[in-house]
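Trainee: My file is work-v9.cif. It has mmCIF, C-alpha atoms:
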```cif
data_structure
#
loop_
_atom_site.label_atom_id
_atom_site.label_comp_id
_atom_site.auth_asym_id
_atom_site.auth_seq_id
_atom_site.Cartn_x
_atom_site.Cartn_y
_atom_site.Cartn_z
CA MET A 1 -37.37 13.06 29.90
CA ALA A 2 -34.96 15.12 31.97
CA TRP A 3 -31.19 14.69 31.54
CA ARG A 4 -29.20 14.18 34.76
CA GLY A 5 -31.92 15.86 36.76
CA TRP A 6 -32.35 18.85 34.43
CA PRO A 7 -35.97 19.82 33.74
CA ALA A 8 -37.02 19.21 30.16
CA SER A 9 -37.66 22.93 29.63
CA TRP A 10 -34.08 23.83 30.58
CA LEU A 11 -32.73 21.14 28.27
CA TRP A 12 -34.75 22.63 25.42
CA VAL A 13 -33.45 26.12 26.16
CA ALA A 14 -29.83 24.90 26.33
CA SER A 15 -30.18 23.10 22.98
CA CYS A 16 -31.63 26.16 21.32
CA GLY A 17 -28.85 28.29 22.75
CA LEU A 18 -26.19 25.96 21.41
CA LEU A 19 -27.76 25.94 17.96
CA LEU A 20 -27.99 29.75 18.03
CA LEU A 21 -24.30 30.00 18.96
CA VAL A 22 -23.28 27.74 16.08
CA PHE A 23 -25.52 29.75 13.73
CA VAL A 24 -23.91 33.04 14.80
CA LEU A 25 -20.40 31.61 14.44
CA LEU A 26 -21.14 30.41 10.93
CA LEU A 27 -22.69 33.66 9.73
CA SER A 28 -20.88 36.39 11.62
CA PRO A 29 -18.35 38.27 9.42
CA ARG A 30 -16.10 38.63 12.48
CA SER A 31 -15.81 34.91 13.09
CA CYS A 32 -14.10 33.66 9.93
CA ARG A 33 -11.63 31.57 11.88
CA ALA A 34 -14.33 29.86 13.95
CA ARG A 35 -16.43 29.36 10.84
CA ARG A 36 -13.52 27.77 8.99
CA THR A 37 -12.82 25.54 11.98
CA LEU A 38 -16.39 24.31 12.23
CA ARG A 39 -16.66 23.85 8.49
CA GLY A 40 -13.33 21.98 8.46
CA LEU A 41 -14.46 19.65 11.23
CA PHE A 42 -17.73 18.99 9.46
CA MET A 43 -16.02 18.32 6.11
CA ALA A 44 -13.39 16.09 7.70
CA ARG A 45 -16.03 14.00 9.46
CA SER A 46 -18.10 13.81 6.27
CA LYS A 47 -15.12 12.68 4.22
CA ARG A 48 -14.21 10.01 6.76
CA LEU A 49 -17.78 8.75 6.85
CA LEU A 50 -18.06 8.67 3.05
CA PHE A 51 -14.72 6.90 2.80
CA ARG A 52 -15.73 4.22 5.32
CA ILE A 53 -18.96 3.61 3.42
CA GLY A 54 -17.13 3.39 0.09
CA TYR A 55 -14.41 1.16 1.51
CA SER A 56 -16.97 -1.19 3.02
CA LEU A 57 -18.80 -1.45 -0.31
CA TYR A 58 -15.49 -2.10 -2.12
CA THR A 59 -14.28 -4.85 0.22
CA ARG A 60 -17.53 -6.51 1.30
CA THR A 61 -19.91 -6.41 -1.67
CA ARG A 62 -19.96 -7.34 -5.33
CA LEU A 63 -19.72 -3.64 -6.18
CA GLY A 64 -16.00 -3.81 -5.39
CA TYR A 65 -15.50 -6.63 -7.86
CA LEU A 66 -17.45 -4.78 -10.55
CA PHE A 67 -15.33 -1.67 -9.94
CA TYR A 68 -12.17 -3.79 -10.30
CA ARG A 69 -13.42 -5.24 -13.59
CA GLN A 70 -14.02 -1.74 -14.90
CA GLN A 71 -10.49 -0.73 -13.86
CA LEU A 72 -9.15 -3.80 -15.64
CA ARG A 73 -10.92 -3.00 -18.93
CA ARG A 74 -9.78 0.61 -18.90
CA ALA A 75 -6.18 -0.30 -18.12
CA ARG A 76 -6.05 -2.92 -20.88
CA ASN A 77 -7.33 -0.38 -23.38
CA ARG A 78 -4.98 2.37 -22.21
CA TYR A 79 -1.90 0.20 -21.69
CA PRO A 80 -2.15 -2.79 -24.07
CA LYS A 81 1.52 -3.60 -23.35
CA GLY A 82 1.50 -2.59 -19.69
CA HIS A 83 2.03 0.73 -17.96
CA SER A 84 5.82 0.25 -17.64
CA ARG A 85 8.69 -1.59 -19.30
CA THR A 86 10.13 -4.14 -16.89
CA GLN A 87 13.29 -6.21 -16.75
CA PRO A 88 13.53 -9.63 -15.05
CA ARG A 89 16.24 -10.33 -12.50
CA LEU A 90 18.15 -13.57 -13.06
CA PHE A 91 19.97 -15.32 -10.26
CA ASN A 92 21.46 -18.80 -9.95
CA GLY A 93 18.47 -20.86 -11.10
CA VAL A 94 15.87 -18.29 -9.99
CA LYS A 95 14.12 -15.61 -12.01
CA VAL A 96 11.97 -12.74 -10.74
CA LEU A 97 9.72 -11.29 -13.43
CA PRO A 98 7.70 -8.10 -12.73
CA ILE A 99 4.43 -7.87 -14.67
CA PRO A 100 2.86 -4.39 -15.05
CA VAL A 101 -0.91 -4.63 -14.54
CA LEU A 102 -3.84 -2.20 -14.21
CA SER A 103 -2.73 1.45 -14.23
CA ASP A 104 0.18 1.25 -11.77
CA ASN A 105 0.18 -2.20 -10.09
CA TYR A 106 2.82 -4.88 -10.31
CA SER A 107 2.29 -8.62 -10.22
CA TYR A 108 5.28 -10.96 -10.12
CA LEU A 109 6.34 -14.39 -11.26
CA ILE A 110 9.01 -16.09 -9.16
CA ILE A 111 10.43 -18.93 -11.23
CA ASP A 112 12.58 -21.94 -10.40
CA THR A 113 14.22 -22.07 -13.81
CA GLN A 114 15.53 -25.63 -13.39
CA ALA A 115 12.24 -27.21 -12.32
CA ARG A 116 10.20 -24.85 -14.56
CA LEU A 117 7.90 -24.06 -11.63
CA ALA A 118 6.39 -20.64 -11.01
CA VAL A 119 4.80 -18.75 -8.14
CA ALA A 120 2.62 -15.71 -8.88
CA VAL A 121 2.43 -12.79 -6.44
CA ASP A 122 -0.76 -10.67 -6.48
CA PRO A 123 -1.94 -11.67 -9.98
CA SER A 124 -4.61 -8.98 -10.43
CA ASP A 125 -4.77 -9.31 -14.23
CA PRO A 126 -5.01 -13.04 -15.00
CA GLN A 127 -4.68 -12.40 -18.74
CA ALA A 128 -1.33 -10.61 -18.39
CA VAL A 129 -0.01 -13.15 -15.89
CA GLN A 130 -1.09 -16.10 -18.06
CA ALA A 131 0.66 -14.54 -21.07
CA SER A 132 3.91 -14.37 -19.05
CA ILE A 133 3.47 -17.97 -17.86
CA GLU A 134 3.11 -19.18 -21.44
CA LYS A 135 6.03 -17.08 -22.66
CA GLU A 136 8.28 -18.46 -19.91
CA GLY A 137 7.06 -22.03 -20.49
CA VAL A 138 6.54 -22.72 -16.78
CA ASN A 139 3.94 -24.44 -14.62
CA LEU A 140 2.08 -22.23 -12.15
CA VAL A 141 1.82 -24.09 -8.84
CA ALA A 142 1.14 -21.33 -6.29
CA ILE A 143 -0.37 -17.88 -5.90
CA LEU A 144 0.81 -15.68 -3.02
CA CYS A 145 -1.70 -12.97 -2.17
CA THR A 146 -0.56 -10.09 0.04
CA HIS A 147 -4.10 -8.91 0.82
CA LYS A 148 -7.73 -9.00 -0.20
CA HIS A 149 -8.06 -5.81 -2.29
CA TRP A 150 -9.20 -6.62 -5.81
CA ASP A 151 -6.25 -4.89 -7.48
CA HIS A 152 -4.08 -7.58 -5.85
CA SER A 153 -6.37 -10.60 -5.70
CA GLY A 154 -8.63 -10.20 -8.73
CA GLY A 155 -6.94 -12.89 -10.83
CA ASN A 156 -7.07 -15.66 -8.23
CA ARG A 157 -10.24 -17.25 -9.57
CA ASP A 158 -9.30 -17.45 -13.26
CA LEU A 159 -5.72 -18.62 -12.68
CA SER A 160 -6.59 -21.22 -10.04
CA ARG A 161 -9.27 -22.65 -12.33
CA ARG A 162 -6.94 -22.72 -15.33
CA HIS A 163 -4.11 -24.33 -13.33
CA GLN A 164 -5.87 -27.04 -11.36
CA ASP A 165 -2.90 -27.92 -9.15
CA CYS A 166 -2.33 -24.28 -8.23
CA ARG A 167 -2.61 -23.42 -4.52
CA VAL A 168 -3.75 -19.97 -3.33
CA TYR A 169 -1.96 -18.70 -0.22
CA GLY A 170 -2.81 -15.76 2.01
CA SER A 171 -4.02 -14.69 5.42
CA PRO A 172 -7.24 -16.26 6.74
CA GLN A 173 -7.98 -12.90 8.42
CA ASP A 174 -8.22 -11.10 5.10
CA SER A 175 -11.00 -12.83 3.11
CA ILE A 176 -8.66 -13.65 0.21
CA PRO A 177 -10.73 -14.74 -2.83
CA TYR A 178 -10.38 -18.48 -3.56
CA LEU A 179 -7.94 -19.01 -0.68
CA THR A 180 -6.96 -22.68 -0.35
CA HIS A 181 -3.93 -22.59 1.98
CA PRO A 182 -4.08 -20.13 4.91
CA LEU A 183 -0.78 -18.78 6.19
CA CYS A 184 0.34 -17.46 9.55
CA HIS A 185 3.28 -15.27 10.49
CA GLN A 186 6.63 -16.89 9.52
CA ASP A 187 5.06 -19.83 7.68
CA VAL A 188 7.20 -21.00 4.75
CA VAL A 189 6.00 -21.95 1.28
CA SER A 190 8.35 -24.34 -0.57
CA VAL A 191 8.25 -24.63 -4.37
CA GLY A 192 11.22 -26.40 -5.93
CA ARG A 193 14.27 -24.61 -4.62
CA LEU A 194 12.18 -21.55 -3.70
CA GLN A 195 11.75 -20.94 0.03
CA ILE A 196 9.30 -18.10 0.64
CA GLN A 197 8.39 -16.91 4.12
CA ALA A 198 5.16 -15.09 4.96
CA LEU A 199 5.44 -12.20 7.41
CA ALA A 200 2.35 -10.70 9.04
CA THR A 201 2.27 -6.94 8.44
CA PRO A 202 -1.21 -5.66 9.39
CA GLY A 203 -2.23 -2.05 8.99
CA HIS A 204 -3.20 -1.58 5.36
CA THR A 205 -5.59 -4.47 5.92
CA GLN A 206 -6.04 -6.61 9.02
CA GLY A 207 -4.42 -9.67 7.46
CA HIS A 208 -1.83 -8.09 5.16
CA LEU A 209 1.19 -10.33 4.49
CA VAL A 210 4.51 -9.68 2.80
CA TYR A 211 6.59 -12.48 1.28
CA LEU A 212 10.33 -12.91 1.69
CA LEU A 213 12.15 -15.10 -0.84
CA ASP A 214 15.22 -16.54 0.87
CA GLY A 215 18.33 -15.80 -1.19
CA GLU A 216 20.54 -18.49 0.37
CA PRO A 217 19.42 -21.47 -1.80
CA TYR A 218 20.40 -19.62 -4.99
CA GLU A 219 23.29 -17.65 -3.46
CA GLY A 220 21.74 -14.29 -4.22
CA PRO A 221 19.95 -11.46 -2.42
CA SER A 222 16.69 -12.09 -0.63
CA CYS A 223 13.62 -10.56 -2.26
CA LEU A 224 10.77 -8.85 -0.42
CA PHE A 225 7.38 -8.74 -2.17
CA SER A 226 5.76 -6.01 -0.13
CA GLY A 227 2.26 -5.60 -1.59
CA ASP A 228 0.83 -2.37 -0.18
CA LEU A 229 2.95 -2.22 2.96
CA LEU A 230 6.04 -0.60 1.50
CA PHE A 231 6.82 1.20 -1.77
CA LEU A 232 9.89 2.92 -3.10
CA SER A 233 10.05 5.94 -0.75
CA GLY A 234 6.55 5.36 0.60
CA CYS A 235 4.21 3.13 2.56
CA GLY A 236 0.60 2.05 2.26
CA ARG A 237 -2.44 3.71 3.78
CA THR A 238 -3.67 2.45 7.13
CA PHE A 239 -7.17 1.27 6.19
CA GLU A 240 -7.74 -1.38 8.87
CA GLY A 241 -5.37 -0.55 11.66
CA THR A 242 -3.70 2.24 13.60
CA ALA A 243 -0.48 4.16 13.17
CA GLU A 244 1.02 1.96 15.88
CA THR A 245 0.04 -1.17 13.93
CA MET A 246 1.57 0.15 10.72
CA LEU A 247 4.73 1.24 12.53
CA SER A 248 5.16 -2.26 13.95
CA SER A 249 4.76 -3.76 10.48
CA LEU A 250 7.32 -1.37 8.99
CA ASP A 251 9.71 -2.27 11.82
CA THR A 252 9.33 -5.92 10.80
CA VAL A 253 10.70 -4.96 7.40
CA LEU A 254 13.43 -2.78 8.91
CA GLY A 255 14.77 -5.91 10.59
CA LEU A 256 15.73 -7.41 7.22
CA GLY A 257 19.12 -7.02 5.55
CA ASP A 258 20.17 -3.93 3.58
CA ASP A 259 20.79 -5.95 0.41
CA THR A 260 17.21 -7.30 0.37
CA LEU A 261 15.55 -6.36 -2.93
CA LEU A 262 12.23 -4.53 -2.59
CA TRP A 263 9.54 -5.49 -5.11
CA PRO A 264 6.51 -3.26 -4.32
CA GLY A 265 2.89 -3.59 -5.38
CA HIS A 266 2.68 -0.22 -7.19
CA GLU A 267 4.69 2.18 -9.35
CA TYR A 268 4.60 5.21 -7.06
CA ALA A 269 8.31 6.10 -7.04
CA GLU A 270 8.31 9.57 -8.60
CA GLU A 271 5.36 10.85 -6.56
CA ASN A 272 6.76 9.40 -3.32
CA LEU A 273 10.23 10.84 -3.82
CA GLY A 274 8.67 14.22 -4.56
CA PHE A 275 6.99 14.15 -1.16
CA ALA A 276 10.18 12.95 0.54
CA GLY A 277 11.86 16.06 -0.87
CA VAL A 278 9.29 18.24 0.89
CA VAL A 279 10.02 16.82 4.34
CA GLU A 280 13.79 16.32 3.87
CA PRO A 281 14.94 18.73 1.14
CA GLU A 282 18.61 18.34 2.08
CA ASN A 283 18.65 14.56 1.70
CA LEU A 284 21.26 13.89 -1.01
CA ALA A 285 20.41 10.18 -1.27
CA ARG A 286 16.83 11.14 -2.14
CA GLU A 287 18.01 13.66 -4.73
CA ARG A 288 20.22 11.09 -6.47
CA LYS A 289 17.42 8.53 -6.48
CA MET A 290 14.95 11.08 -7.82
CA GLN A 291 17.20 11.90 -10.77
CA TRP A 292 17.48 8.19 -11.61
CA VAL A 293 13.74 7.62 -11.24
CA GLN A 294 12.90 10.56 -13.50
CA ARG A 295 15.18 9.18 -16.21
CA GLN A 296 13.51 5.79 -15.88
CA ARG A 297 10.00 7.18 -16.05
CA MET A 298 10.73 9.38 -19.06
CA GLU A 299 11.27 6.11 -20.93
CA ARG A 300 8.36 4.39 -19.11
CA LYS A 301 10.78 2.00 -17.44
CA SER A 302 9.97 0.35 -14.13
CA THR A 303 11.72 1.65 -11.02
CA CYS A 304 11.73 -1.66 -9.13
CA PRO A 305 13.52 -3.15 -7.41
CA SER A 306 15.22 -0.89 -4.93
CA THR A 307 16.97 -2.24 -1.84
CA LEU A 308 16.07 -1.88 1.82
CA GLY A 309 19.44 -0.24 2.36
CA GLU A 310 18.48 2.48 -0.13
CA GLU A 311 15.04 2.86 1.41
CA ARG A 312 16.50 3.47 4.85
CA SER A 313 18.39 6.46 3.44
CA TYR A 314 15.47 8.37 1.87
CA ASN A 315 12.08 6.77 2.64
CA PRO A 316 10.57 9.05 5.32
CA PHE A 317 8.19 6.34 6.53
CA LEU A 318 11.20 4.21 7.49
CA ARG A 319 13.00 7.12 9.13
CA THR A 320 10.69 8.04 12.01
CA HIS A 321 13.50 7.11 14.42
CA CYS A 322 15.88 9.64 12.78
CA LEU A 323 16.46 12.94 14.57
CA VAL A 324 16.92 14.69 11.22
CA LEU A 325 13.38 13.82 10.15
CA GLN A 326 11.92 14.65 13.57
CA GLU A 327 13.51 18.10 13.42
CA ALA A 328 12.31 18.60 9.83
CA LEU A 329 8.71 17.90 10.86
CA GLY A 330 8.93 20.29 13.80
CA PRO A 331 7.37 19.88 17.25
CA SER A 332 4.50 17.46 17.51
CA PRO A 333 2.00 16.80 20.31
CA GLY A 334 3.10 14.34 22.95
CA PRO A 335 6.58 13.24 23.99
CA THR A 336 9.37 12.95 21.45
CA GLY A 337 12.03 10.29 21.27
CA ASP A 338 12.44 6.76 20.03
CA ASP A 339 9.52 5.17 21.85
CA GLY A 340 6.80 3.55 19.74
CA CYS A 341 4.12 6.08 20.70
CA SER A 342 5.99 9.18 19.49
CA ARG A 343 7.20 7.44 16.33
CA ALA A 344 3.62 6.44 15.58
CA GLN A 345 2.62 10.11 15.93
CA LEU A 346 5.33 11.04 13.44
CA LEU A 347 4.14 8.33 11.05
CA GLU A 348 0.56 9.62 11.24
CA ARG A 349 1.76 13.18 10.70
CA LEU A 350 3.74 12.09 7.65
CA ARG A 351 0.63 10.43 6.21
CA GLN A 352 -1.43 13.59 6.75
CA LEU A 353 1.25 15.74 5.11
CA LYS A 354 1.43 13.29 2.22
CA ASP A 355 -2.33 13.60 1.66
CA LEU A 356 -2.09 17.40 1.69
CA HIS A 357 0.84 17.31 -0.73
CA LYS A 358 -1.05 15.01 -3.08
CA SER A 359 -4.16 17.22 -3.06
CA LYS A 360 -2.25 20.33 -4.21
#
```
Could you write out this file's structure as structure tokens?
Mentor:
Amino acid sequence: MAWRGWPASWLWVASCGLLLLVFVLLLSPRSCRARRTLRGLFMARSKRLLFRIGYSLYTRTRLGYLFYRQQLRRARNRYPKGHSRTQPRLFNGVKVLPIPVLSDNYSYLIIDTQARLAVAVDPSDPQAVQASIEKEGVNLVAILCTHKHWDHSGGNRDLSRRHQDCRVYGSPQDSIPYLTHPLCHQDVVSVGRLQIQALATPGHTQGHLVYLLDGEPYEGPSCLFSGDLLFLSGCGRTFEGTAETMLSSLDTVLGLGDDTLLWPGHEYAEENLGFAGVVEPENLARERKMQWVQRQRMERKSTCPSTLGEERSYNPFLRTHCLVLQEALGPSPGPTGDDGCSRAQLLERLRQLKDLHKSK
């Protein structure tokens, strides 16, 4: 069959010529740059394809659950008392208890100490979370799941079966295991004196939610349980969205108060601050925070919480609007300024640089 009126013979000749050109570029000793470019494009496409296949298997098949169970066994053997030493935060009748799980995750118990009621956030290790529930002597009535990944949702089944009145909250867009109560943007979950608002923050997954504990009822700071959206000096990977989607979700968080406590889903602080030092080496706030984090980690102490006010001063993924960071990254394709498009380009560039930094 001819293509756009071309005779079949000419199409065959053109195809052979193109293949010959590629062959020459790959083998010629004088074409190293072209060869590297073609090889890089091929490797990049292959890696993206392999990742999409692996991610689909992890999120859509039983293989993902089996992988999570293997992670759980290894982490329990390696860290029988948890990967980090944590300290609860006590407020006026409210307690926030971080629980180190897997190799670097955090689950949380939010406790109304007067009513003895507890809410679990991302209880990926049901054994560790149940041990904390029993130690605190509280009744688990709700599970808040930020997203579907097994390292955040893996304990939903066991805990909801053990605590028959326990409700499982999350986004209906995210295939949360054992979800009983779907939530939409700005829905509020009430447990005792706890008022917890769900905020839609897609990007890492399509239905990712963060949870904001209102500080007014207990006259303390609000608490943001950010899952894999935001970490100390970092942000999550964009698995099911675009840079624009992730930027919009980060801007949702930027709209919260500076004194809001950040309780992230992973212990990534030292690695993230190291990367922040690459892109903004003159940032004194980052340097001070890095010194504190290194002291904490030398003693295997947790680095959470930080505050959103602190994060604004050194987290590069929250600073795409800052001229200092834009100048540090150098010129980028497309227009520069404060519009969403150019900031999304900066965010994507930061993510690419972070991946390169991590691979070294």
Trainee: Which one of A:Glu348, A:Leu50, A:Leu179, A:Ser313 sits closest to A:Leu284 if you count all atoms listed in the file?
Mentor: A:Ser313
Trainee: Would you write out, as an MDAnalysis selection string, every residue that the PyMOL selection byres ((chain A and resi 234-238) around 9) captures in this file?
Mentor: chainID A and resid 202:205 227:233 239:243 245:246 250 268:269 272:273 275:276 311 315:318 351
Trainee: Set the distance at 9 Å and use all atoms listed in the file: which residues neighbour stretch 160-172 of chain A once local chain neighbours fewer than 4 positions away are removed? I'd like the list as a tab-separated table (two decimals) with C-alpha atoms, keeping the file's coordinate frame.
Mentor:
```
chain	number	residue	atom	x	y	z
A	139	ASN	CA	3.94	-24.44	-14.62
A	140	LEU	CA	2.08	-22.23	-12.15
A	141	VAL	CA	1.82	-24.09	-8.84
A	142	ALA	CA	1.14	-21.33	-6.29
A	143	ILE	CA	-0.37	-17.88	-5.90
A	144	LEU	CA	0.81	-15.68	-3.02
A	145	CYS	CA	-1.70	-12.97	-2.17
A	146	THR	CA	-0.56	-10.09	0.04
A	147	HIS	CA	-4.10	-8.91	0.82
A	148	LYS	CA	-7.73	-9.00	-0.20
A	155	GLY	CA	-6.94	-12.89	-10.83
A	156	ASN	CA	-7.07	-15.66	-8.23
A	176	ILE	CA	-8.66	-13.65	0.21
A	177	PRO	CA	-10.73	-14.74	-2.83
A	178	TYR	CA	-10.38	-18.48	-3.56
A	179	LEU	CA	-7.94	-19.01	-0.68
A	180	THR	CA	-6.96	-22.68	-0.35
A	181	HIS	CA	-3.93	-22.59	1.98
A	182	PRO	CA	-4.08	-20.13	4.91
A	183	LEU	CA	-0.78	-18.78	6.19
A	184	CYS	CA	0.34	-17.46	9.55
A	185	HIS	CA	3.28	-15.27	10.49
A	189	VAL	CA	6.00	-21.95	1.28
A	198	ALA	CA	5.16	-15.09	4.96
A	200	ALA	CA	2.35	-10.70	9.04
A	207	GLY	CA	-4.42	-9.67	7.46
A	208	HIS	CA	-1.83	-8.09	5.16
A	209	LEU	CA	1.19	-10.33	4.49
```
Trainee: For A:Gly277, which residue among A:Gln291, A:Gln195, A:Thr61, A:Gln345 is the nearest when counting all atoms listed in the file?
Mentor: A:Gln291
Trainee: Could you list, as number ranges by chain, every residue matched by the PyMOL selection byres ((chain A and resi 191) around 10) in this structure?
Mentor: A: 110-112, 115, 117-119, 141-142, 188-190, 192-196
Trainee: At what distance in Å, to one decimal, does atom CA of A:Asp151 lie from atom CA of A:Tyr58?
Mentor: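 The value is 11.0 Å.
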Trainee: Could you jot down the atom CA of A:Ala120 to atom CA of A:Lys289 separation for me, Å, one decimal place?
Mentor: 28.5 Å
Trainee: Would you work out the distance separating atom CA of A:Pro221 from atom CA of A:Thr260, expressed in Å to one decimal?
Mentor: 5.7 Å
Trainee: Counting only C-alpha atoms, which residue out of A:Val121, A:Val101, A:Ala344, A:Leu256 sits closest to A:Asn77?
Mentor: A:Val101
Trainee: Expanded to explicit residues, what is the PyMOL selection byres ((chain A and resi 214) around 9) for this file, as a list in words?
Mentor: Leu194, Gln195, Ile196, Gln197, Leu212, Leu213, Gly215, Glu216, Pro217, Tyr218, Gly220, Pro221, Ser222, Cys223 and Leu224 of chain A
Trainee: For C-alpha atoms, I'd like the residues from the last selection saved as a CSV table (one decimal), in the frame of the given file.
Mentor:
```csv
chain,number,residue,atom,x,y,z
A,194,LEU,CA,12.2,-21.6,-3.7
A,195,GLN,CA,11.8,-20.9,0.0
A,196,ILE,CA,9.3,-18.1,0.6
A,197,GLN,CA,8.4,-16.9,4.1
A,212,LEU,CA,10.3,-12.9,1.7
A,213,LEU,CA,12.2,-15.1,-0.8
A,215,GLY,CA,18.3,-15.8,-1.2
A,216,GLU,CA,20.5,-18.5,0.4
A,217,PRO,CA,19.4,-21.5,-1.8
A,218,TYR,CA,20.4,-19.6,-5.0
A,220,GLY,CA,21.7,-14.3,-4.2
A,221,PRO,CA,20.0,-11.5,-2.4
A,222,SER,CA,16.7,-12.1,-0.6
A,223,CYS,CA,13.6,-10.6,-2.3
A,224,LEU,CA,10.8,-8.8,-0.4
```
Trainee: Show which residues sit within 8 Å of A:Leu102, as a PyMOL selection string. Count all atoms listed in the file, and ignore same-chain residues fewer than 4 positions away.
Mentor: chain A and resi 71-72+75-76+82-83+124-125+151
Trainee: Limited to C-alpha atoms, could you put the picked residues into a file as a short mmCIF file (atom, residue, chain, number, x, y, z; two decimals), in the frame of the given file?
Mentor:
```cif
data_model
loop_
_atom_site.label_atom_id
_atom_site.label_comp_id
_atom_site.auth_asym_id
_atom_site.auth_seq_id
_atom_site.Cartn_x
_atom_site.Cartn_y
_atom_site.Cartn_z
CA GLN A 71 -10.49 -0.73 -13.86
CA LEU A 72 -9.15 -3.80 -15.64
CA ALA A 75 -6.18 -0.30 -18.12
CA ARG A 76 -6.05 -2.92 -20.88
CA GLY A 82 1.50 -2.59 -19.69
CA HIS A 83 2.03 0.73 -17.96
CA SER A 124 -4.61 -8.98 -10.43
CA ASP A 125 -4.77 -9.31 -14.23
CA ASP A 151 -6.25 -4.89 -7.48
#
```
Trainee: Find the spatial neighbours of A:Pro305, counting only C-alpha atoms, within a cut-off of 6 Å - ignore same-chain residues fewer than 6 positions away - and output them as a PDB file with C-alpha atoms, in the frame of the given file.
Mentor:
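This is the output file result14.pdb:
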```pdb
ATOM      1  CA  LEU A 261      15.550  -6.360  -2.930  1.00  0.00           C
ATOM      2  CA  LEU A 262      12.230  -4.530  -2.590  1.00  0.00           C
ATOM      3  CA  TRP A 263       9.540  -5.490  -5.110  1.00  0.00           C
TER       4      TRP A 263
END
```
